[in-house]
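Peer 1: Here it is, the structure in full.
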Amino acid sequence: VAEFVKRRTSDRVGLVVFAGRSLTKSPPTTDTAVLLRQLDDVHLDMLPDGTAIGSGLATSLMRLRRSKAKSKVIVLVTDGANNAGEIDPATAADLAKAMEVRTYTVLVGRGGRVPIPVRVQDPFTGQARRQTVMTEVQVDPGLLQRIAERTGGEFFRATDADSLRQIFDRIDHLE
């Protein structure tokens, strides 16, 4: 993501993160240094657990609502299926279409049983530490495909860091 942001030298770029709810880390800006610092500050346990795709998309759209840019784009990156949030992803996609905001969706990972780092607290010392647990993760490529198609974007699936770089290269080329 940082490599992609660094290449967008003349674009206003913002950062919305989502898990069980969504949060604007950086409104659209041309100051990539500020955006990259905000990106460095993103960590797994900063928001409640879950995957609120509709909320993440809606928050991003709210940040673009007053934009006068000739081209408005959202790159939605997720590792799961929508299972949280108060806004249905289909409703958010309809709003994106009405606002003429192209949405490129990127599914990262494969789903199924995957190792997930979690924070656990020692019951005796109270110290927190990271532990990796195997967790069943649901993915919904069909949903992401529908969002992209509805908004004039494209759906991508990244299985490793190299394929994610190639996807960002493709989006960079398209935009």
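Chain labels follow the order of the structure tokens: the first chain is A, the next B, and so on; residue numbering restarts at 1 in every chain, and ligands are counted from 1 in their shown order.
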Counting only C-alpha atoms, what is within 12 Å of Ala128 in chain A, bar same-chain residues fewer than 5 positions away, as a list in words?
Peer 2: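 Answer for this query is Val118, Arg119, Val120, Gln121, Asp122 and Pro123 of chain A.
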Peer 1: Using only C-alpha atoms, which residues sit within 10 Å of Ala69 in chain A once same-chain residues fewer than 3 positions away are excluded, as an NGL selection string?
Peer 2: :A and (11-12 or 64 or 66 or 72-73)
Peer 1: When you count only C-alpha atoms, which of these residues is closest to Arg102 in chain A: A:Leu15, A:Leu164, A:Leu57, A:Val137?
Peer 2: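 Comparing A:Leu15, A:Leu164, A:Leu57, A:Val137 against Arg102 in chain A, the winner is A:Leu57.
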Peer 1: Of the candidates A:Met46, A:Leu144, A:Ala58, A:Leu23, which shows the shortest atom-to-atom distance to Gly80 in chain A, using only C-alpha atoms?
Peer 2: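 Checking each of A:Met46, A:Leu144, A:Ala58, A:Leu23 against Gly80 in chain A, counting only C-alpha atoms, the winner is A:Leu144.
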Peer 1: How far is it from CA of Glu175 in chain A to CA of Arg8 in chain A, in Å with one decimal?
Peer 2: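 We find that CA of Glu175 in chain A and CA of Arg8 in chain A lie 9.6 Å from each other.
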